[in-house]
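A short worksheet on the structure shown next.
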Amino acid sequence: MREGLTISSPPTELHLPYGHASLAALVPADHPVDVVDPPPTAAVTDDPLGLVQQAVDAPVGGFSWGVFEGARSVAIAINDKTRPVPHAHLLPPLLDRLATLGVADEAITFYVAVGSHPPMRPDELPAILPADVLTRYRVVSHDADAADDLVRLGETSRGTPVWVNRAYSEAERRIVVGNLEPHQFVGFSGGVKSAAIGLAGRATIDANHALLAHPHSKIGTYDGNPARQDVEEIGAAIGIHLALNAILDEDRRIAEVLAGEPVPVMWAGIGRVRERCAVPVSQDYAVVVSSAGGHPKDLNVYQAQKAVQSAALIVRPGGTIVLVAACPEGSGSEGYEQWVAERRTHRQVLDDFAAEGFRIGPHKAFQLARDAQLARIIVVSELPAELADRLLLETAPSVQAAIDDALGSLPAGERIAVLPHAPRIIPEVA
């Protein structure tokens with residue numbers, strides 16, 4: 001090497017999921033980048049239907065398909081458009097098995113488990129269900145506020161009133177179909193949750209979600225998680241006969257499938273999810289760049305907020321979180337948007353939320369405000385400036401601008417973390 005010649009290291013190039021595409025940015029070489037993503041796993045089979053069939057043929061727990069033989073009404077809870085559930089692969093083996101047991105097509109009804117989200121319109125259903133399912137079976141969308149369509153089934157040990165979809169509850173046999181993955185405060189999705197929350201009344205959802213403030217209601221916990229155990233009690237009151245759950249890889253392909261009684265499905269699946277999703281890191285970070293993972297996880301702020309909470313687990317107090325989420329549908333909740341628009345600071349959000357009591361919708365403002373007390377949050381999205389301001393969100397025109405801003409005062413050598421698929425990982429500081 002010639003004397004006096006300086007060789008500069010190239011910057012690190014980032015590609016972050018964003019809507020149906022991705023956004024790129026460069027991180028200067030003097031800031032090493034730790035990509036916090038699930039560990040490499042074995043190749044996923046090219047036969048997802050075969051995986052589902054294996055699960056249907058070998059259910060876990062004490063489940064027996066005999067309970068469905070000749071059933072006169074079967075209700076199947078499925079997730080809405082905000083969850084990337086592979087219904088096209090999960091449903092055919094399930095429906096074939098029900099047919100062999102003498103369950104007629106007209107005896108089966110699908111219930112779209114929207115939870116507190118707006119009911120899905122008929123024209124939106126092709127986005128989540130195969131055409132042959134829509135033509136062969138009855139499909140209805142739940143409405144958490146349709147009082148006449150709800151029935152009360154008592155209350156849980158934590159005082160949550162159990163209001164659920166009446167027609168689903170009164171079916172002779174009940175099934176839930178969904179994904180088993182990390183959840184920001186229920187610990188893990190899957191099992192009875194699609195019905196216990198997805199087909200619940202607003203009073204039930206509010207009471208259960210109020211438990212998110214408990215220190216043990218956090219991502220990656222199950223047995224000691226009060227929010228999750230409350231969900232299990234709601235599910236027990238409904239009486240779910242079968243859970244069919246997929247575990248997806250980082251590309252949203254089916255990696256594993258479990259079928260059987262809901263609780264045994266959860267116990268069998270949690271260890272497998274942790275193997276895929278728990279990511280240890282050796283330190284906390286002054287800057288965490290967190291993508292919601294693209295569509296549909298970043299449809300709106302309501303969904304994308306989960307990426308902030310994942311980042312908050314490893315951000316240093318006083319640090320910065322850069323949220324990368326397209327949010328083409330805006331806030332995703334009229335109740336959230338209207339409530340937060342009447343507040344001007346995160347501190348006011350926290351104080352008013354505590355004074356008024358828990359409500360679905362405003363709880364998103366509470367979650368964001370709580371994390372904003374820990375770290376600065378910069379949002380890169382398609383949100384109109386006026387809407388972002390109403391939601392108390394600081395924005396940047398690009399990922400590059402947000403990263404440059406966040407790195408501005410950091411000394412050289414300070415490492416930063418990047419979470420390309422934040423909602424589906426469990427980041428843990430060792």
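Every chain in the structure tokens has a letter given in the order shown (A, B, ...), and although residue numbers restart at 1 in each chain, ligands are simply numbered from 1 in the order shown.
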
Practice task
Going by DSSP on the backbone, which bits of range 246-367 of chain A are alpha helix (DSSP H)? Write them as a PyMOL selection string, please.
Solution key: chain A and resi 262-277+301-312+334-340+346-356+362-367

Could you produce a table of the residues of range 203-239 of chain A lying within 12 Å of range 112-121 of chain A, with the nearest pair of atoms per residue and their separation in Å rounded to one decimal, using only C-alpha atoms, ordered by chain and increasing residue number, as a tab-separated table?
residue	atom	partner	partner_atom	distance
A:Ala203	CA	A:Ser116	CA	10.0
A:Thr204	CA	A:Gly115	CA	9.9
A:Ile205	CA	A:Ser116	CA	7.3
A:Asp206	CA	A:Ser116	CA	9.1
A:Asn208	CA	A:Gly115	CA	11.8
A:His209	CA	A:Ser116	CA	11.0

Writing out the chosen residues with C-alpha atoms as a short mmCIF file (atom, residue, chain, number, x, y, z; two decimals), in the first residue's frame:
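File written: selection.cif
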data_model
loop_
_atom_site.label_atom_id
_atom_site.label_comp_id
_atom_site.auth_asym_id
_atom_site.auth_seq_id
_atom_site.Cartn_x
_atom_site.Cartn_y
_atom_site.Cartn_z
CA ALA A 203 -66.58 -4.69 26.01
CA THR A 204 -64.72 -8.02 26.05
CA ILE A 205 -61.89 -6.72 23.87
CA ASP A 206 -61.56 -3.57 25.97
CA ASN A 208 -58.91 -8.03 27.95
CA HIS A 209 -56.67 -5.46 26.26
#

Exercise for the section: Output as a ChimeraX atom specification all residues of range 77-299 of chain A that backbone DSSP marks as strand (DSSP E or B). Expected result: /A:77-79,108-113,138-141,150-155,161-165,173-179,182-183,187-188,200,242-248,254-260,278-281,285-291

Would you save the residues from that selection as a tab-separated table (two decimals), in the first residue's frame, using C-alpha atoms?
chain	number	residue	atom	x	y	z
A	77	ALA	CA	-63.21	-18.39	12.62
A	78	ILE	CA	-60.68	-16.93	10.19
A	79	ASN	CA	-58.50	-13.81	10.44
A	108	ILE	CA	-70.33	-24.67	7.31
A	109	THR	CA	-70.08	-20.92	7.92
A	110	PHE	CA	-66.89	-18.85	7.96
A	111	TYR	CA	-66.73	-15.96	10.42
A	112	VAL	CA	-64.19	-13.24	9.64
A	113	ALA	CA	-62.63	-12.44	13.01
A	138	ARG	CA	-71.39	-18.85	3.63
A	139	VAL	CA	-69.00	-16.13	4.83
A	140	VAL	CA	-69.95	-13.39	7.28
A	141	SER	CA	-67.87	-10.67	8.89
A	150	LEU	CA	-73.64	-10.99	20.57
A	151	VAL	CA	-74.32	-13.31	23.49
A	152	ARG	CA	-72.87	-13.13	27.01
A	153	LEU	CA	-71.20	-16.26	28.38
A	154	GLY	CA	-70.32	-15.05	31.87
A	155	GLU	CA	-66.98	-13.51	32.80
A	161	PRO	CA	-67.23	-9.96	30.45
A	162	VAL	CA	-67.42	-12.67	27.79
A	163	TRP	CA	-69.48	-11.24	24.91
A	164	VAL	CA	-69.04	-13.22	21.68
A	165	ASN	CA	-70.60	-13.65	18.27
A	173	ARG	CA	-68.96	-27.37	16.41
A	174	ARG	CA	-66.43	-24.51	16.42
A	175	ILE	CA	-63.01	-24.20	14.73
A	176	VAL	CA	-60.32	-21.50	14.72
A	177	VAL	CA	-57.83	-21.09	11.87
A	178	GLY	CA	-54.84	-18.76	12.01
A	179	ASN	CA	-51.12	-18.25	12.53
A	182	PRO	CA	-45.26	-13.62	18.56
A	183	HIS	CA	-47.77	-11.04	19.79
A	187	GLY	CA	-47.31	-13.16	24.11
A	188	PHE	CA	-48.31	-15.34	21.19
A	200	ALA	CA	-65.74	-10.85	20.72
A	242	LEU	CA	-60.33	-27.49	16.98
A	243	ALA	CA	-57.44	-25.11	16.30
A	244	LEU	CA	-55.59	-25.23	12.97
A	245	ASN	CA	-52.50	-23.02	13.18
A	246	ALA	CA	-49.64	-22.33	10.79
A	247	ILE	CA	-46.14	-21.21	11.74
A	248	LEU	CA	-44.69	-19.11	8.93
A	254	ILE	CA	-45.79	-22.32	5.79
A	255	ALA	CA	-42.97	-23.84	7.83
A	256	GLU	CA	-45.00	-25.96	10.25
A	257	VAL	CA	-48.67	-26.71	10.94
A	258	LEU	CA	-50.44	-27.87	14.08
A	259	ALA	CA	-53.99	-29.09	14.53
A	260	GLY	CA	-55.89	-30.30	17.57
A	278	ALA	CA	-36.38	-15.31	19.50
A	279	VAL	CA	-33.31	-13.25	18.61
A	280	PRO	CA	-30.76	-12.49	21.37
A	281	VAL	CA	-28.64	-9.33	21.13
A	285	TYR	CA	-28.93	0.47	20.94
A	286	ALA	CA	-29.07	4.24	20.60
A	287	VAL	CA	-30.74	3.83	17.19
A	288	VAL	CA	-33.13	1.06	16.11
A	289	VAL	CA	-34.52	1.04	12.57
A	290	SER	CA	-37.71	-1.01	12.66
A	291	SER	CA	-39.81	-2.12	9.68
